[in-house]
$ cat work_22.txt   # compact mmCIF, C-alpha atoms
# COMPACT_ATOMS: atom_id res chain seq x y z
CA MET A 1 48.15 -41.97 5.65
CA ASN A 2 45.65 -39.87 7.54
CA TYR A 3 42.75 -38.96 5.22
CA ALA A 4 42.31 -35.61 6.96
CA GLU A 5 45.75 -34.59 5.70
CA ILE A 6 44.98 -35.24 2.01
CA THR A 7 44.30 -32.28 -0.26
CA ILE A 8 42.72 -32.61 -3.69
CA ILE A 9 43.91 -30.30 -6.45
CA LYS A 10 40.98 -29.42 -8.69
CA ARG A 11 41.28 -28.75 -12.42
CA ASP A 12 41.17 -24.99 -11.85
CA GLY A 13 44.02 -25.21 -9.34
CA LYS A 14 41.84 -24.76 -6.29
CA GLN A 15 42.33 -27.15 -3.40
CA GLU A 16 39.77 -28.94 -1.30
CA ASP A 17 39.74 -31.50 1.47
CA PHE A 18 39.77 -35.15 0.46
CA SER A 19 36.42 -36.95 0.37
CA ILE A 20 36.36 -40.72 0.16
CA GLY A 21 32.65 -40.45 -0.67
CA LYS A 22 33.37 -38.74 -3.99
CA ILE A 23 35.51 -41.66 -5.16
CA LYS A 24 32.91 -44.21 -4.02
CA ASN A 25 30.16 -42.22 -5.72
CA ALA A 26 32.00 -42.07 -9.06
CA ILE A 27 32.71 -45.81 -8.97
CA SER A 28 29.10 -46.56 -7.95
CA LYS A 29 27.77 -44.55 -10.91
CA ALA A 30 29.95 -46.52 -13.29
CA PHE A 31 28.58 -49.77 -11.87
CA GLN A 32 25.02 -48.45 -12.16
CA ALA A 33 25.65 -47.48 -15.80
CA THR A 34 26.44 -51.11 -16.57
CA GLY A 35 23.37 -52.36 -14.69
CA MET A 36 25.44 -53.95 -11.95
CA ALA A 37 23.66 -53.20 -8.69
CA ASP A 38 24.50 -54.05 -5.09
CA GLN A 39 28.26 -54.13 -5.51
CA THR A 40 28.91 -52.27 -2.25
CA ALA A 41 31.75 -54.52 -1.07
CA LEU A 42 33.54 -54.44 -4.43
CA ILE A 43 33.14 -50.66 -4.69
CA ALA A 44 34.59 -50.25 -1.19
CA ASP A 45 37.49 -52.55 -2.07
CA ILE A 46 38.30 -50.67 -5.29
CA THR A 47 38.05 -47.35 -3.44
CA MET A 48 40.52 -48.49 -0.77
CA ARG A 49 42.96 -49.81 -3.39
CA VAL A 50 42.84 -46.42 -5.14
CA ILE A 51 43.48 -44.54 -1.89
CA GLY A 52 46.24 -46.98 -1.00
CA GLN A 53 48.16 -45.78 -4.03
CA PHE A 54 48.27 -42.13 -2.96
CA GLN A 55 51.93 -41.25 -2.51
CA SER A 56 51.65 -37.77 -1.05
CA THR A 57 49.20 -35.63 0.87
CA SER A 58 48.17 -33.74 -2.29
CA ILE A 59 46.84 -35.35 -5.45
CA SER A 60 45.02 -34.03 -8.51
CA VAL A 61 41.55 -35.04 -9.61
CA GLU A 62 43.03 -36.42 -12.85
CA GLN A 63 45.51 -38.60 -10.95
CA ILE A 64 42.69 -40.06 -8.87
CA GLN A 65 40.62 -40.73 -11.99
CA ASP A 66 43.60 -42.49 -13.60
CA LEU A 67 43.96 -44.71 -10.53
CA VAL A 68 40.24 -45.51 -10.57
CA GLU A 69 40.44 -46.51 -14.24
CA LYS A 70 43.37 -48.86 -13.59
CA GLU A 71 41.67 -50.51 -10.64
CA LEU A 72 38.40 -50.95 -12.51
CA MET A 73 40.26 -52.54 -15.43
CA LYS A 74 41.63 -55.24 -13.10
CA ASP A 75 38.23 -56.50 -11.91
CA CYS A 76 35.52 -55.01 -14.10
CA PRO A 77 36.54 -54.04 -17.65
CA ASP A 78 32.93 -53.31 -18.64
CA VAL A 79 32.56 -50.90 -15.75
CA ALA A 80 35.94 -49.35 -16.59
CA LYS A 81 34.73 -48.77 -20.14
CA LYS A 82 31.65 -46.86 -18.90
CA TYR A 83 33.83 -44.86 -16.52
CA ILE A 84 36.31 -43.96 -19.28
CA ILE A 85 33.58 -43.00 -21.74
CA TYR A 86 31.87 -40.77 -19.17
CA ARG A 87 35.18 -39.18 -18.21
CA GLU A 88 35.99 -38.38 -21.84
CA TRP A 89 32.50 -36.97 -22.41
CA ARG A 90 32.91 -34.68 -19.35
CA ASN A 91 36.30 -33.51 -20.64
CA THR A 92 34.76 -32.66 -24.00
CA GLU A 93 31.89 -30.78 -22.37
CA ARG A 94 34.30 -28.95 -20.09
CA ASP A 95 36.40 -27.91 -23.09
CA LYS A 96 33.34 -26.33 -24.71
CA LYS A 97 32.95 -23.88 -21.83
CA PRO A 98 34.86 -20.59 -21.83
CA ARG A 99 38.01 -20.80 -19.72
CA SER A 100 38.03 -17.15 -18.67
CA SER A 101 36.89 -16.20 -15.22
CA THR A 102 35.24 -13.15 -16.78
CA SER A 103 31.54 -13.66 -17.13
CA TRP A 104 30.02 -13.63 -20.60
CA THR A 105 27.92 -10.57 -19.83
CA ALA A 106 31.00 -8.63 -18.75
CA LEU A 107 32.40 -9.00 -22.27
CA TRP A 108 29.53 -7.06 -23.85
CA PRO A 109 28.55 -3.49 -23.06
CA SER A 110 25.18 -3.05 -21.48
CA THR A 111 22.51 -1.66 -23.78
CA LYS A 112 21.72 0.85 -21.02
CA THR A 113 25.17 2.41 -21.35
CA MET A 114 25.37 2.31 -25.12
CA SER A 115 24.80 5.47 -27.08
CA THR A 116 21.59 5.44 -29.08
CA SER A 117 23.65 6.20 -32.16
CA VAL A 118 25.15 2.70 -32.06
CA MET A 119 21.93 0.93 -31.23
CA PRO A 120 20.34 -0.90 -34.15
CA THR A 121 17.13 0.57 -35.43
$ encode --input "work_22.txt" --output "structure tokens"
Amino acid sequence: MNYAEITIIKRDGKQEDFSIGKIKNAISKAFQATGMADQTALIADITMRVIGQFQSTSISVEQIQDLVEKELMKDCPDVAKKYIIYREWRNTERDKKPRSSTSWTALWPSTKTMSTSVMPT
């Protein structure tokens, strides 16, 4: 499969071009979190195994993360554990943020436009 043809579907539904570097970076950070340095060849191998499992030219971020977890579990369960914990933490943090595209300030009237009769004294 030609990498230039692959589209990633982000959590918000937006699409972006595939980047092999993002997968390598995520795997590298998991290795670093376990104190395992200089695993360049293993990281490259895991990355290629993940990409080799893509079955269409569009894939979601979550599907890629699931594939990374499975591949890490095969060779490096300790690294997989760090990856899974970080992924869950990010999901929790993401859930704390408002889901609306409306900005927080747009929800509240500006004090400049409010009548002085409703302003606290």
$ residues_around --input "work_22.txt" --residues "A:Ile46" --least-positions-apart "6" --cutoff "12 Å" --atoms "only C-alpha atoms" --output "list in words"
Ile20, Ile23, Lys24, Asn25, Ala26, Ile27, Ser28, Phe31, Gln39, Thr40, Gly52, Gln53, Leu67, Val68, Glu69, Lys70, Glu71, Leu72, Met73, Lys74, Asp75, Cys76, Val79 and Ala80 of chain A
$ write_last_selection --input "work_22.txt" --atoms "C-alpha atoms" --output "compact mmCIF listing (two decimals), in the coordinates of the input"
# COMPACT_ATOMS: atom_id res chain seq x y z
CA ILE A 20 36.36 -40.72 0.16
CA ILE A 23 35.51 -41.66 -5.16
CA LYS A 24 32.91 -44.21 -4.02
CA ASN A 25 30.16 -42.22 -5.72
CA ALA A 26 32.00 -42.07 -9.06
CA ILE A 27 32.71 -45.81 -8.97
CA SER A 28 29.10 -46.56 -7.95
CA PHE A 31 28.58 -49.77 -11.87
CA GLN A 39 28.26 -54.13 -5.51
CA THR A 40 28.91 -52.27 -2.25
CA GLY A 52 46.24 -46.98 -1.00
CA GLN A 53 48.16 -45.78 -4.03
CA LEU A 67 43.96 -44.71 -10.53
CA VAL A 68 40.24 -45.51 -10.57
CA GLU A 69 40.44 -46.51 -14.24
CA LYS A 70 43.37 -48.86 -13.59
CA GLU A 71 41.67 -50.51 -10.64
CA LEU A 72 38.40 -50.95 -12.51
CA MET A 73 40.26 -52.54 -15.43
CA LYS A 74 41.63 -55.24 -13.10
CA ASP A 75 38.23 -56.50 -11.91
CA CYS A 76 35.52 -55.01 -14.10
CA VAL A 79 32.56 -50.90 -15.75
CA ALA A 80 35.94 -49.35 -16.59
$ atom_distance --input "work_22.txt" --atom1 "atom CA of A:Met1" --atom2 "atom CA of A:Ser60"
16.5 Å
$ atom_distance --input "work_22.txt" --atom1 "atom CA of A:Ala37" --atom2 "atom CA of A:Pro77"
15.7 Å
$ atom_distance --input "work_22.txt" --atom1 "atom CA of A:Gln15" --atom2 "atom CA of A:Ile59"
9.6 Å
$ axis_aligned_box --input "work_22.txt" --around "stretch 34-38 of chain A" --padding-each-side "4 Å" --output "JSON"
{"center_x": 24.9, "center_y": -52.6, "center_z": -10.8, "size_x": 11.1, "size_y": 10.9, "size_z": 19.5}
$ residues_around --input "work_22.txt" --residues "A:Phe18" --least-positions-apart "3" --cutoff "10 Å" --atoms "only C-alpha atoms" --output "JSON, numbers by chain"
{"A": [3, 4, 5, 6, 7, 8, 9, 15, 21, 22, 23, 57, 58, 59]}
$ write_last_selection --input "work_22.txt" --atoms "C-alpha atoms" --output "compact mmCIF listing (two decimals), keeping the file's coordinate frame"
# COMPACT_ATOMS: atom_id res chain seq x y z
CA TYR A 3 42.75 -38.96 5.22
CA ALA A 4 42.31 -35.61 6.96
CA GLU A 5 45.75 -34.59 5.70
CA ILE A 6 44.98 -35.24 2.01
CA THR A 7 44.30 -32.28 -0.26
CA ILE A 8 42.72 -32.61 -3.69
CA ILE A 9 43.91 -30.30 -6.45
CA GLN A 15 42.33 -27.15 -3.40
CA GLY A 21 32.65 -40.45 -0.67
CA LYS A 22 33.37 -38.74 -3.99
CA ILE A 23 35.51 -41.66 -5.16
CA THR A 57 49.20 -35.63 0.87
CA SER A 58 48.17 -33.74 -2.29
CA ILE A 59 46.84 -35.35 -5.45
$ closest_residue --input "work_22.txt" --among "A:Gln55, A:Thr47, A:Gln65, A:Asn2" --to "A:Tyr83" --atoms "all atoms listed in the file"
A:Gln65
$ closest_residue --input "work_22.txt" --among "A:Ile85, A:Val61, A:Ser56, A:Asp78" --to "A:Glu16" --atoms "all atoms listed in the file"
A:Val61
$ closest_residue --input "work_22.txt" --among "A:Lys10, A:Lys29, A:Gln63, A:Leu42" --to "A:Tyr86" --atoms "all atoms listed in the file"
A:Lys29
$ closest_residue --input "work_22.txt" --among "A:Asp66, A:Glu88, A:Asp38, A:Asp95" --to "A:Phe54" --atoms "only C-alpha atoms"
A:Asp66
